[in-house]
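work07.txt, holding compact mmCIF, C-alpha atoms and all ligand atoms:
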```
# COMPACT_ATOMS: atom_id res chain seq x y z
CA MET D 1 76.56 -110.23 21.88
CA PRO D 2 75.69 -107.72 19.13
CA LEU D 3 77.61 -104.48 19.61
CA THR D 4 77.82 -101.55 17.22
CA LYS D 5 81.06 -99.95 16.12
CA GLY D 6 80.29 -96.96 18.36
CA GLU D 7 79.63 -99.15 21.39
CA ILE D 8 82.83 -101.10 20.83
CA ALA D 9 84.89 -97.92 20.48
CA ALA D 10 83.37 -96.59 23.73
CA LEU D 11 84.35 -99.81 25.58
CA LEU D 12 87.87 -99.65 24.16
CA LYS D 13 88.29 -96.07 25.34
CA ASP D 14 86.88 -96.55 28.83
CA GLU D 15 89.91 -97.10 31.04
CA GLU D 16 88.05 -96.17 34.18
CA HIS D 17 85.52 -99.01 34.00
CA GLN D 18 87.72 -101.60 32.34
CA GLN D 19 87.50 -103.99 35.28
CA THR D 20 83.75 -104.27 34.69
CA LEU D 21 84.46 -105.19 31.06
CA PHE D 22 87.07 -107.77 32.12
CA ASP D 23 84.66 -109.33 34.64
CA LYS D 24 81.93 -109.55 32.01
CA ALA D 25 84.29 -111.16 29.49
CA ASP D 26 85.47 -113.60 32.17
CA LEU D 27 81.88 -114.61 32.89
CA VAL D 28 81.06 -115.08 29.20
CA ARG D 29 84.24 -117.14 28.79
CA LYS D 30 83.20 -119.37 31.69
CA GLN D 31 79.66 -119.83 30.36
CA TYR D 32 80.65 -120.62 26.79
CA VAL D 33 84.03 -122.39 26.91
CA GLY D 34 84.38 -123.31 30.59
CA ASP D 35 87.37 -123.27 32.89
CA GLU D 36 89.78 -125.34 30.78
CA VAL D 37 92.84 -123.54 29.44
CA HIS D 38 94.21 -125.17 26.31
CA LEU D 39 97.97 -125.27 25.87
CA ARG D 40 99.56 -125.19 22.41
CA GLY D 41 103.24 -125.98 21.90
CA LEU D 42 104.74 -123.31 19.64
CA ILE D 43 107.63 -124.21 17.33
CA GLU D 44 109.30 -121.23 15.65
CA PHE D 45 111.08 -123.15 12.94
CA SER D 46 112.54 -120.44 10.69
CA ASN D 47 113.11 -116.70 11.00
CA ILE D 48 113.85 -116.25 7.30
CA CYS D 49 111.19 -114.06 5.69
CA ARG D 50 110.59 -112.68 2.20
CA ASN D 51 108.49 -109.83 3.60
CA ASN D 52 109.54 -106.49 5.02
CA CYS D 53 106.82 -105.53 7.51
CA LEU D 54 107.87 -102.32 9.24
CA TYR D 55 106.96 -103.56 12.73
CA CYS D 56 108.59 -106.97 12.62
CA GLY D 57 112.04 -107.84 13.96
CA ILE D 58 112.56 -110.64 11.43
CA ARG D 59 111.71 -108.44 8.43
CA ARG D 60 113.85 -109.03 5.36
CA GLY D 61 115.54 -105.65 5.80
CA ASN D 62 116.88 -106.35 9.29
CA ALA D 63 120.49 -107.21 8.43
CA LYS D 64 121.31 -107.62 12.13
CA ALA D 65 118.96 -110.57 12.56
CA CYS D 66 120.92 -113.83 12.73
CA ARG D 67 118.96 -116.16 10.46
CA TYR D 68 118.21 -119.84 11.05
CA ARG D 69 116.16 -122.60 9.54
CA MET D 70 115.41 -125.83 11.42
CA SER D 71 115.81 -129.09 9.52
CA GLU D 72 112.88 -131.44 8.99
CA GLU D 73 114.34 -133.80 11.57
CA GLU D 74 114.78 -131.03 14.13
CA ILE D 75 111.21 -129.83 13.69
CA ILE D 76 109.76 -133.32 13.99
CA GLU D 77 111.94 -134.10 17.02
CA THR D 78 110.85 -130.85 18.70
CA ALA D 79 107.20 -131.75 18.07
CA ARG D 80 107.77 -135.27 19.42
CA ARG D 81 109.20 -133.88 22.64
CA ALA D 82 106.31 -131.42 22.97
CA ALA D 83 103.80 -134.24 22.49
CA ASN D 84 105.63 -136.24 25.17
CA LEU D 85 105.33 -133.25 27.51
CA GLY D 86 101.57 -133.51 27.02
CA PHE D 87 100.85 -130.85 24.40
CA LYS D 88 97.80 -131.81 22.31
CA THR D 89 98.31 -129.09 19.71
CA ILE D 90 101.51 -128.15 17.91
CA VAL D 91 101.71 -124.73 16.28
CA MET D 92 104.32 -124.38 13.54
CA GLN D 93 105.25 -120.76 12.95
CA SER D 94 107.87 -119.12 10.74
CA GLY D 95 108.62 -116.17 8.51
CA GLU D 96 107.47 -116.57 4.91
CA ASP D 97 110.29 -118.95 4.03
CA MET D 98 109.76 -120.71 0.71
CA TYR D 99 112.50 -123.25 1.46
CA TYR D 100 109.63 -125.12 3.10
CA ASP D 101 107.91 -125.96 -0.16
CA THR D 102 104.80 -128.09 -0.51
CA ASN D 103 106.56 -131.44 -0.34
CA ARG D 104 108.75 -130.54 2.61
CA MET D 105 105.84 -129.05 4.59
CA CYS D 106 103.61 -132.02 3.84
CA ARG D 107 106.26 -134.49 4.99
CA ILE D 108 106.66 -132.58 8.26
CA ILE D 109 102.90 -132.31 8.85
CA GLU D 110 102.39 -136.03 8.17
CA ALA D 111 105.19 -136.95 10.59
CA ILE D 112 103.87 -134.70 13.37
CA LYS D 113 100.29 -135.96 12.93
CA LYS D 114 101.56 -139.41 13.98
CA PHE D 115 102.02 -138.00 17.50
CA ASP D 116 98.23 -137.75 17.84
CA VAL D 117 98.15 -133.96 18.07
CA ALA D 118 96.28 -131.20 16.29
CA VAL D 119 98.56 -129.29 13.91
CA THR D 120 98.25 -125.55 13.44
CA LEU D 121 100.20 -123.75 10.71
CA SER D 122 101.24 -120.10 10.95
CA ILE D 123 103.48 -119.61 7.93
CA GLY D 124 101.79 -116.75 6.13
CA GLU D 125 100.50 -116.38 2.59
CA ARG D 126 100.62 -119.38 0.26
CA THR D 127 98.70 -120.46 -2.82
CA TYR D 128 95.33 -122.21 -2.69
CA ALA D 129 97.01 -125.39 -3.95
CA GLU D 130 99.50 -125.29 -1.09
CA TYR D 131 96.83 -124.68 1.56
CA LYS D 132 94.94 -127.61 0.07
CA ALA D 133 97.97 -129.89 0.11
CA PHE D 134 98.79 -129.01 3.73
CA ARG D 135 95.20 -129.73 4.72
CA THR D 136 95.28 -133.08 2.94
CA ALA D 137 98.55 -133.87 4.72
CA GLY D 138 96.69 -133.44 8.00
CA ALA D 139 96.96 -129.80 9.10
CA ASP D 140 93.90 -128.97 11.21
CA ARG D 141 94.14 -125.25 11.85
CA TYR D 142 95.70 -122.16 10.32
CA LEU D 143 96.66 -118.96 12.03
CA MET D 144 97.20 -115.75 10.12
CA ARG D 145 96.50 -112.34 11.55
CA ILE D 146 94.98 -109.68 9.30
CA GLU D 147 97.03 -107.27 11.50
CA THR D 148 94.70 -104.30 10.80
CA THR D 149 91.64 -103.73 8.62
CA ASP D 150 92.71 -100.16 7.89
CA LYS D 151 93.91 -100.82 4.36
CA GLU D 152 95.89 -97.62 4.06
CA LEU D 153 97.74 -98.37 7.30
CA TYR D 154 98.25 -102.01 6.26
CA HIS D 155 99.88 -100.98 2.99
CA LYS D 156 102.15 -98.52 4.80
CA LEU D 157 103.25 -101.13 7.33
CA ASP D 158 103.47 -104.11 5.00
CA PRO D 159 105.12 -102.81 1.83
CA ASP D 160 104.80 -105.01 -1.28
CA MET D 161 101.92 -106.88 0.30
CA SER D 162 98.23 -106.66 -0.49
CA TRP D 163 95.52 -106.53 2.16
CA GLN D 164 93.04 -107.96 -0.31
CA HIS D 165 95.32 -110.90 -1.03
CA ARG D 166 95.75 -111.64 2.68
CA TYR D 167 91.97 -111.52 3.08
CA GLU D 168 91.52 -113.91 0.15
CA CYS D 169 94.02 -116.29 1.76
CA LEU D 170 91.93 -116.27 4.94
CA LEU D 171 88.80 -117.08 2.91
CA ALA D 172 90.57 -119.92 1.11
CA ILE D 173 91.80 -121.37 4.41
CA LYS D 174 88.28 -121.29 5.80
CA GLU D 175 86.80 -122.82 2.67
CA LEU D 176 89.27 -125.71 2.86
CA GLY D 177 87.89 -126.65 6.27
CA TYR D 178 90.71 -125.52 8.51
CA GLU D 179 89.83 -124.03 11.85
CA LEU D 180 90.70 -120.42 11.15
CA GLY D 181 92.64 -118.21 13.51
CA SER D 182 93.26 -114.56 12.78
CA GLY D 183 93.80 -111.42 14.78
CA ILE D 184 95.37 -108.02 15.04
CA MET D 185 97.95 -105.91 16.78
CA VAL D 186 96.85 -102.92 18.84
CA GLY D 187 98.82 -99.76 19.36
CA LEU D 188 100.13 -99.51 15.80
CA PRO D 189 101.18 -96.02 14.71
CA GLU D 190 98.16 -94.01 13.50
CA GLN D 191 95.71 -96.73 14.57
CA SER D 192 92.57 -95.32 16.22
CA VAL D 193 90.16 -97.12 18.56
CA GLU D 194 87.53 -96.74 15.85
CA SER D 195 89.81 -98.69 13.55
CA ILE D 196 90.26 -101.41 16.20
CA ALA D 197 86.46 -101.53 16.55
CA GLU D 198 86.25 -102.20 12.81
CA ASP D 199 88.89 -104.92 13.15
CA LEU D 200 86.78 -106.70 15.76
CA LEU D 201 83.66 -106.51 13.60
CA PHE D 202 85.71 -107.83 10.66
CA LEU D 203 86.87 -110.85 12.71
CA LYS D 204 83.28 -111.47 13.74
CA ASP D 205 82.02 -111.32 10.12
CA LEU D 206 84.82 -113.60 8.99
CA GLY D 207 83.65 -116.10 11.60
CA VAL D 208 87.05 -116.90 13.04
CA ASP D 209 87.47 -119.91 15.31
CA MET D 210 90.31 -118.22 17.14
CA ALA D 211 91.35 -114.59 17.54
CA GLY D 212 94.80 -113.50 18.73
CA ILE D 213 95.14 -109.93 19.92
CA GLY D 214 98.49 -108.57 20.95
CA PRO D 215 100.08 -105.23 21.69
CA PHE D 216 102.49 -103.91 19.08
CA ILE D 217 105.95 -103.72 20.70
CA PRO D 218 108.53 -101.63 18.81
CA HIS D 219 111.68 -103.51 17.81
CA PRO D 220 114.91 -101.45 17.89
CA GLU D 221 116.16 -102.75 14.53
CA THR D 222 113.05 -101.73 12.59
CA PRO D 223 111.80 -98.44 11.09
CA LEU D 224 109.21 -98.26 13.91
CA ALA D 225 111.87 -98.39 16.65
CA LYS D 226 110.92 -94.99 18.04
CA GLU D 227 107.14 -95.53 18.09
CA LYS D 228 105.25 -95.81 21.36
CA GLY D 229 103.70 -99.23 20.91
CA GLY D 230 100.51 -100.63 22.40
CA THR D 231 99.65 -100.82 26.07
CA LEU D 232 98.71 -103.99 27.90
CA ASN D 233 95.42 -102.45 29.05
CA LEU D 234 94.26 -101.52 25.56
CA ALA D 235 95.18 -105.01 24.33
CA LEU D 236 93.24 -106.56 27.24
CA ARG D 237 90.19 -104.40 26.58
CA THR D 238 90.29 -105.32 22.89
CA MET D 239 90.53 -109.00 23.76
CA ALA D 240 87.68 -108.74 26.28
CA VAL D 241 85.39 -107.10 23.71
CA MET D 242 86.31 -109.87 21.24
CA ARG D 243 85.07 -112.39 23.82
CA LEU D 244 81.75 -110.54 24.08
CA LEU D 245 81.35 -110.46 20.28
CA LEU D 246 82.33 -114.09 19.72
CA PRO D 247 81.56 -115.85 23.02
CA ASP D 248 82.56 -119.42 22.10
CA ILE D 249 85.81 -119.01 20.14
CA ASN D 250 89.34 -119.71 21.33
CA ILE D 251 91.21 -116.62 22.51
CA PRO D 252 94.87 -116.84 23.48
CA ALA D 253 96.55 -114.93 26.27
CA THR D 254 99.26 -113.71 23.92
CA THR D 255 102.97 -113.88 24.65
CA ALA D 256 103.39 -110.19 23.74
CA MET D 257 101.08 -109.35 26.66
CA GLU D 258 103.45 -111.11 29.06
CA SER D 259 106.37 -109.18 27.57
CA LEU D 260 104.75 -105.97 28.82
CA ALA D 261 103.92 -107.22 32.34
CA PRO D 262 105.14 -110.28 34.28
CA ASP D 263 101.57 -111.49 34.83
CA GLY D 264 100.20 -110.30 31.47
CA ARG D 265 98.96 -113.74 30.44
CA LEU D 266 97.19 -114.32 33.76
CA GLN D 267 95.50 -110.95 33.45
CA ALA D 268 94.37 -112.02 29.98
CA LEU D 269 93.06 -115.37 31.27
CA LYS D 270 90.95 -113.42 33.76
CA ALA D 271 89.60 -111.11 31.05
CA GLY D 272 88.29 -113.53 28.44
CA ALA D 273 91.23 -115.68 27.24
CA ASN D 274 91.20 -119.50 27.34
CA VAL D 275 94.37 -120.53 25.46
CA VAL D 276 98.13 -120.19 26.13
CA MET D 277 100.91 -120.99 23.66
CA PRO D 278 104.13 -121.90 25.51
CA ASN D 279 107.24 -121.92 23.37
CA VAL D 280 108.76 -125.36 22.80
CA THR D 281 111.48 -124.25 20.36
CA ASP D 282 115.09 -125.05 21.29
CA ARG D 283 116.35 -121.98 23.09
CA GLU D 284 119.28 -121.45 20.70
CA TYR D 285 116.70 -120.84 17.94
CA CYS D 286 113.99 -119.27 20.07
CA LYS D 287 116.31 -116.38 20.98
CA LEU D 288 116.75 -115.61 17.28
CA TYR D 289 113.03 -115.56 16.51
CA GLU D 290 112.74 -112.02 17.74
CA LEU D 291 109.57 -110.38 16.40
CA TYR D 292 109.78 -107.83 19.24
CA PRO D 293 112.19 -107.29 22.15
CA ASN D 294 111.87 -108.66 25.72
CA LYS D 295 110.61 -112.03 24.62
CA ILE D 296 109.74 -114.10 27.68
CA CYS D 297 111.10 -117.45 28.96
CA MET D 298 114.33 -117.25 26.95
CA ASN D 299 116.35 -119.03 29.62
CA ASP D 300 113.85 -121.70 30.59
CA THR D 301 113.42 -125.13 29.06
CA PRO D 302 110.10 -126.02 27.41
CA ALA D 303 109.38 -128.46 30.25
CA HIS D 304 109.95 -125.72 32.81
CA CYS D 305 107.73 -123.28 30.89
CA LYS D 306 104.92 -125.77 30.68
CA SER D 307 104.91 -126.55 34.39
CA CYS D 308 105.35 -122.86 35.28
CA ILE D 309 102.35 -121.69 33.28
CA GLY D 310 100.43 -124.82 34.38
CA LEU D 311 100.86 -123.88 38.06
CA LYS D 312 99.82 -120.29 37.37
CA ILE D 313 96.67 -121.53 35.59
CA LEU D 314 95.77 -123.76 38.55
CA SER D 315 96.46 -120.87 40.96
CA ILE D 316 93.59 -118.86 39.46
CA GLY D 317 91.16 -121.75 39.77
CA ARG D 318 91.32 -122.95 36.19
CA THR D 319 92.21 -126.38 34.78
CA ILE D 320 94.50 -127.53 31.95
CA GLY D 321 92.60 -128.67 28.87
CA SER D 322 92.77 -132.44 28.44
CA GLY D 323 91.80 -132.61 24.76
CA GLN D 324 92.88 -130.88 21.56
CA GLY D 325 90.75 -127.88 22.45
CA GLY D 326 89.33 -127.05 19.05
CA HIS D 327 86.50 -124.58 18.57
CA GLN D 328 83.30 -126.20 19.86
CA TYR D 329 80.26 -125.32 17.82
N1 LIG D 401 104.75 -115.18 8.80
C1 LIG D 401 103.60 -115.56 9.60
C2 LIG D 401 103.87 -115.39 11.06
C3 LIG D 401 104.04 -113.95 11.45
S1 LIG D 401 104.71 -113.64 13.05
C4 LIG D 401 102.40 -114.79 9.12
O1 LIG D 401 102.53 -113.96 8.25
O2 LIG D 401 101.30 -115.04 9.62
C5 LIG D 401 103.26 -113.69 14.04
C6 LIG D 401 102.65 -112.37 14.44
O3 LIG D 401 103.52 -111.61 15.27
C7 LIG D 401 102.33 -111.41 13.33
O4 LIG D 401 101.18 -111.78 12.65
C8 LIG D 401 102.19 -110.08 14.06
O5 LIG D 401 100.84 -109.83 14.42
C9 LIG D 401 103.02 -110.32 15.33
N2 LIG D 401 104.15 -109.34 15.43
C10 LIG D 401 105.11 -109.11 14.53
N3 LIG D 401 105.91 -108.10 14.93
C11 LIG D 401 105.45 -107.68 16.12
C12 LIG D 401 105.82 -106.65 17.04
N4 LIG D 401 106.85 -105.84 16.81
N5 LIG D 401 105.10 -106.52 18.18
C13 LIG D 401 104.05 -107.34 18.44
N6 LIG D 401 103.64 -108.31 17.61
C14 LIG D 401 104.33 -108.49 16.46
```
Can you turn what I pasted into structure tokens?
Ligand code: SAH
Amino acid sequence: MPLTKGEIAALLKDEEHQQTLFDKADLVRKQYVGDEVHLRGLIEFSNICRNNCLYCGIRRGNAKACRYRMSEEEIIETARRAANLGFKTIVMQSGEDMYYDTNRMCRIIEAIKKFDVAVTLSIGERTYAEYKAFRTAGADRYLMRIETTDKELYHKLDPDMSWQHRYECLLAIKELGYELGSGIMVGLPEQSVESIAEDLLFLKDLGVDMAGIGPFIPHPETPLAKEKGGTLNLALRTMAVMRLLLPDINIPATTAMESLAPDGRLQALKAGANVVMPNVTDREYCKLYELYPNKICMNDTPAHCKSCIGLKILSIGRTIGSGQGGHQY
């Protein structure tokens, strides 16, 4: 649906009629991508990061973060178990940890591809040659949020990083034939709804296959500890408008939404989302991958999490996706 920046901003501001927006997004979701909810098994394999993003709990400058790095064998074993649980997509996420160089990443990707799953990478900015090598090794999708399209805000929040470079990485990923996922946080300090409207139009122009939208949640050990953070409702409205703009893409009910409300992901599934990413990381590591506080499911096993979210999905009349759930053109 074509919407102008002004129309998008008006929808984002309109708390009073948000249910109408959610119902519309739910209908569009049903028409374009159906009732299946695709589950992705998320492995958070390292919380070591060379970057120092002001919002992020695993930023380089957080000396209190207890750092870990999973071995190749541990990562592959975790993926094997997730595939046995029935996950058809494995998402590998980490800080920007260069220990996982081209050869090491390619070995891991090749091993995981043997489990007959789609592989999504979410490991940040790399060179074109690396993206190409990972793709050749079998990686199917890549997830990297632009975070915000307000360049001034981006450079304040992500010191030493370049918005333009991140954008060029996204273009390279797309050109190499990955399914491209990107997205933003809402509720960042100084971020206006007009700026979020521009973000949504940016994601539309980029032609993303997947868009992840989550509320910013302040982490106590970061410079943004005292900020307000985003609300669930604004994140849901943003996600619902994304569904109207790009009716057939994959949109996750993000974990950060569930950290703000116990049924946050279900609310998202009823307002345009069609994907959920349960965490399959060993809990000893998962606890340490703390981007923001109040992370959910910390005391539950991956098997428990999968059946728990599965039952919730069925309870709202939806089904669990049986295939790899890529973007259908
Ligand atoms: N290093 C990878 C993965 C980053 S972590 C990369 O650069 O893509 C995944 C996402 O978590 C980030 O892109 C960011 O949007 C989100 N995130 C980080 N800190 C957060 C916070 N405090 N609240 C909510 N989301 C956060």
For range 205-220 of chain D, I'd like the enclosing box, axis-aligned and padded by 4 Å on every side, reported as AutoDock Vina command-line options with centre and edge lengths in Å to one decimal.
```
--center_x 98.5 --center_y -110.7 --center_z 15.3 --size_x 40.9 --size_y 26.5 --size_z 20.7
```
Original post:
Any idea what's packed within 12 Å of Glu190 in chain D, counting all atoms listed in the file, ignoring anything in its chain fewer than 3 positions away? Could you give it as number ranges by chain?
Top reply: D: 148, 150, 152-154, 156-157, 186-187, 193-196, 224, 227-230
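The interatomic distance for the pair CA of Ala65 in chain D and atom C5 of ligand LIG 401 (chain D) works out to 16.1 Å.
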**OP:** Could you give me the residues within 7 Å of ligand LIG 401 (chain D), counting only C-alpha atoms and all ligand atoms, as a list in words?
**Re:**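 Counting only what the definition allows, namely only C-alpha atoms and all ligand atoms, the set is Tyr55, Cys56, Gly57, Gln93, Ser94, Gly95, Glu96, Ser122, Ile123, Gly124, Glu125, Leu143, Met144, Arg145, Glu147, Ile184, Met185, Gly214, Pro215, Phe216, Ile217, Pro218, His219, Ala256, Leu291 and Tyr292 of chain D.
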Serialized selection, C-alpha atoms, as an mmCIF file, keeping the file's coordinate frame:
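Everything below was put into selection_13.cif:
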```
data_model
loop_
_atom_site.group_PDB
_atom_site.id
_atom_site.type_symbol
_atom_site.label_atom_id
_atom_site.label_comp_id
_atom_site.auth_asym_id
_atom_site.auth_seq_id
_atom_site.Cartn_x
_atom_site.Cartn_y
_atom_site.Cartn_z
ATOM 1 C CA TYR D 55 106.960 -103.560 12.730
ATOM 2 C CA CYS D 56 108.590 -106.970 12.620
ATOM 3 C CA GLY D 57 112.040 -107.840 13.960
ATOM 4 C CA GLN D 93 105.250 -120.760 12.950
ATOM 5 C CA SER D 94 107.870 -119.120 10.740
ATOM 6 C CA GLY D 95 108.620 -116.170 8.510
ATOM 7 C CA GLU D 96 107.470 -116.570 4.910
ATOM 8 C CA SER D 122 101.240 -120.100 10.950
ATOM 9 C CA ILE D 123 103.480 -119.610 7.930
ATOM 10 C CA GLY D 124 101.790 -116.750 6.130
ATOM 11 C CA GLU D 125 100.500 -116.380 2.590
ATOM 12 C CA LEU D 143 96.660 -118.960 12.030
ATOM 13 C CA MET D 144 97.200 -115.750 10.120
ATOM 14 C CA ARG D 145 96.500 -112.340 11.550
ATOM 15 C CA GLU D 147 97.030 -107.270 11.500
ATOM 16 C CA ILE D 184 95.370 -108.020 15.040
ATOM 17 C CA MET D 185 97.950 -105.910 16.780
ATOM 18 C CA GLY D 214 98.490 -108.570 20.950
ATOM 19 C CA PRO D 215 100.080 -105.230 21.690
ATOM 20 C CA PHE D 216 102.490 -103.910 19.080
ATOM 21 C CA ILE D 217 105.950 -103.720 20.700
ATOM 22 C CA PRO D 218 108.530 -101.630 18.810
ATOM 23 C CA HIS D 219 111.680 -103.510 17.810
ATOM 24 C CA ALA D 256 103.390 -110.190 23.740
ATOM 25 C CA LEU D 291 109.570 -110.380 16.400
ATOM 26 C CA TYR D 292 109.780 -107.830 19.240
#
```
**OP:** Would you list the residues near (108.1, -127.2, 8.1) (no more than 7 Å away, in the coordinates of the file, using only C-alpha atoms) as a ChimeraX atom specification?
**Re:** /D:45,72,75,100,104-105,108
Original post:
Quick one: of D:Ala25, D:Phe87, D:Lys64, D:Ile249, who's nearest to Ser307 in chain D, counting all atoms listed in the file?
Top reply: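 Nearest to Ser307 in chain D: D:Phe87.
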Original post:
Nearest to Gly325 in chain D: which of D:Gln18, D:Ser192, D:Thr149, D:Thr120 is it, counting only C-alpha atoms?
Top reply: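 Result for the nearest residue to Gly325 in chain D: D:Thr120.
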**OP:** Skip Glu168 in chain D itself and residues of its chain fewer than 4 positions away, then list as a list in words all residues within 12 Å of it, counting only C-alpha atoms.
**Re:**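 Answer for this query is Glu125, Arg126, Thr127, Tyr128, Met144, Ile146, Ser162, Trp163, Gln164, Ala172, Ile173, Lys174, Glu175 and Leu206 of chain D.
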**OP:** Have a look at CA of Leu203 in chain D and CA of Ala271 in chain D and let me know their distance in Å, one decimal.
**Re:**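 One can read the CA of Leu203 in chain D to CA of Ala271 in chain D distance as 18.5 Å.
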**OP:** Have a look at D:Leu201, D:Val280, D:Arg107, D:Ala139 and name the one nearest to His304 in chain D; count all atoms listed in the file.
**Re:**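 Distance minimum relative to His304 in chain D lands on D:Val280.
Going from CA of Tyr99 in chain D over to CA of Met70 in chain D, you cover 10.7 Å.
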Take the point (100.2, -131.5, 29.0) in the file's coordinates, draw a sphere of radius 9 Å around it, and report as a PDB file with C-alpha atoms, keeping the file's coordinate frame every protein, DNA or RNA residue with an atom inside or on it, counting only C-alpha atoms.
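Produced file point_21.pdb, reproduced below:
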```pdb
ATOM      1  CA  LEU D  39      97.970-125.270  25.870  1.00  0.00           C
ATOM      2  CA  ALA D  82     106.310-131.420  22.970  1.00  0.00           C
ATOM      3  CA  ALA D  83     103.800-134.240  22.490  1.00  0.00           C
ATOM      4  CA  ASN D  84     105.630-136.240  25.170  1.00  0.00           C
ATOM      5  CA  LEU D  85     105.330-133.250  27.510  1.00  0.00           C
ATOM      6  CA  GLY D  86     101.570-133.510  27.020  1.00  0.00           C
ATOM      7  CA  PHE D  87     100.850-130.850  24.400  1.00  0.00           C
ATOM      8  CA  LYS D  88      97.800-131.810  22.310  1.00  0.00           C
ATOM      9  CA  LYS D 306     104.920-125.770  30.680  1.00  0.00           C
ATOM     10  CA  SER D 307     104.910-126.550  34.390  1.00  0.00           C
ATOM     11  CA  GLY D 310     100.430-124.820  34.380  1.00  0.00           C
ATOM     12  CA  ILE D 320      94.500-127.530  31.950  1.00  0.00           C
ATOM     13  CA  GLY D 321      92.600-128.670  28.870  1.00  0.00           C
ATOM     14  CA  SER D 322      92.770-132.440  28.440  1.00  0.00           C
TER      15      SER D 322
END
```
Original post:
With distances taken over all atoms listed in the file, which of D:Leu121, D:Glu36, D:Met242, D:Tyr167 is nearest to Pro2 in chain D?
Top reply: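 Selected residue with least distance to Pro2 in chain D: D:Met242.
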Can you sort out range 62-67 of chain D so it carries all heavy atoms, written as a PDB file, keeping the file's coordinate frame?
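Full text of selection12.pdb as output:
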```
ATOM      1  N   ASN D  62     116.090-106.408   8.064  1.00  0.00           N
ATOM      2  CA  ASN D  62     116.880-106.350   9.290  1.00  0.00           C
ATOM      3  C   ASN D  62     118.152-107.191   9.132  1.00  0.00           C
ATOM      4  O   ASN D  62     118.170-108.390   9.407  1.00  0.00           O
ATOM      5  CB  ASN D  62     116.060-106.828  10.494  1.00  0.00           C
ATOM      6  CG  ASN D  62     116.868-106.775  11.785  1.00  0.00           C
ATOM      7  OD1 ASN D  62     117.993-106.267  11.807  1.00  0.00           O
ATOM      8  ND2 ASN D  62     116.301-107.307  12.861  1.00  0.00           N
ATOM      9  N   ALA D  63     119.226-106.509   8.710  1.00  0.00           N
ATOM     10  CA  ALA D  63     120.490-107.210   8.430  1.00  0.00           C
ATOM     11  C   ALA D  63     121.124-107.724   9.723  1.00  0.00           C
ATOM     12  O   ALA D  63     121.977-108.610   9.692  1.00  0.00           O
ATOM     13  CB  ALA D  63     121.441-106.273   7.705  1.00  0.00           C
ATOM     14  N   LYS D  64     120.718-107.186  10.857  1.00  0.00           N
ATOM     15  CA  LYS D  64     121.310-107.620  12.130  1.00  0.00           C
ATOM     16  C   LYS D  64     120.720-108.930  12.644  1.00  0.00           C
ATOM     17  O   LYS D  64     121.277-109.555  13.541  1.00  0.00           O
ATOM     18  CB  LYS D  64     121.108-106.526  13.189  1.00  0.00           C
ATOM     19  CG  LYS D  64     121.842-105.234  12.886  1.00  0.00           C
ATOM     20  CD  LYS D  64     122.600-104.743  14.125  1.00  0.00           C
ATOM     21  CE  LYS D  64     123.439-103.538  13.790  1.00  0.00           C
ATOM     22  NZ  LYS D  64     122.887-102.295  14.385  1.00  0.00           N
ATOM     23  N   ALA D  65     119.567-109.326  12.088  1.00  0.00           N
ATOM     24  CA  ALA D  65     118.960-110.570  12.560  1.00  0.00           C
ATOM     25  C   ALA D  65     119.827-111.746  12.123  1.00  0.00           C
ATOM     26  O   ALA D  65     120.248-111.822  10.967  1.00  0.00           O
ATOM     27  CB  ALA D  65     117.552-110.712  11.995  1.00  0.00           C
ATOM     28  N   CYS D  66     120.129-112.631  13.038  1.00  0.00           N
ATOM     29  CA  CYS D  66     120.920-113.830  12.730  1.00  0.00           C
ATOM     30  C   CYS D  66     119.923-114.910  12.292  1.00  0.00           C
ATOM     31  O   CYS D  66     119.042-115.294  13.058  1.00  0.00           O
ATOM     32  CB  CYS D  66     121.689-114.204  13.989  1.00  0.00           C
ATOM     33  SG  CYS D  66     122.572-115.725  13.847  1.00  0.00           S
ATOM     34  N   ARG D  67     120.023-115.316  11.039  1.00  0.00           N
ATOM     35  CA  ARG D  67     118.960-116.160  10.460  1.00  0.00           C
ATOM     36  C   ARG D  67     119.198-117.648  10.708  1.00  0.00           C
ATOM     37  O   ARG D  67     120.337-118.118  10.714  1.00  0.00           O
ATOM     38  CB  ARG D  67     118.861-115.906   8.956  1.00  0.00           C
ATOM     39  CG  ARG D  67     118.648-114.441   8.578  1.00  0.00           C
ATOM     40  CD  ARG D  67     117.256-113.947   8.893  1.00  0.00           C
ATOM     41  NE  ARG D  67     117.153-112.496   8.718  1.00  0.00           N
ATOM     42  CZ  ARG D  67     116.015-111.821   8.770  1.00  0.00           C
ATOM     43  NH1 ARG D  67     114.867-112.448   8.992  1.00  0.00           N
ATOM     44  NH2 ARG D  67     115.999-110.510   8.629  1.00  0.00           N
TER      45      ARG D  67
END
```
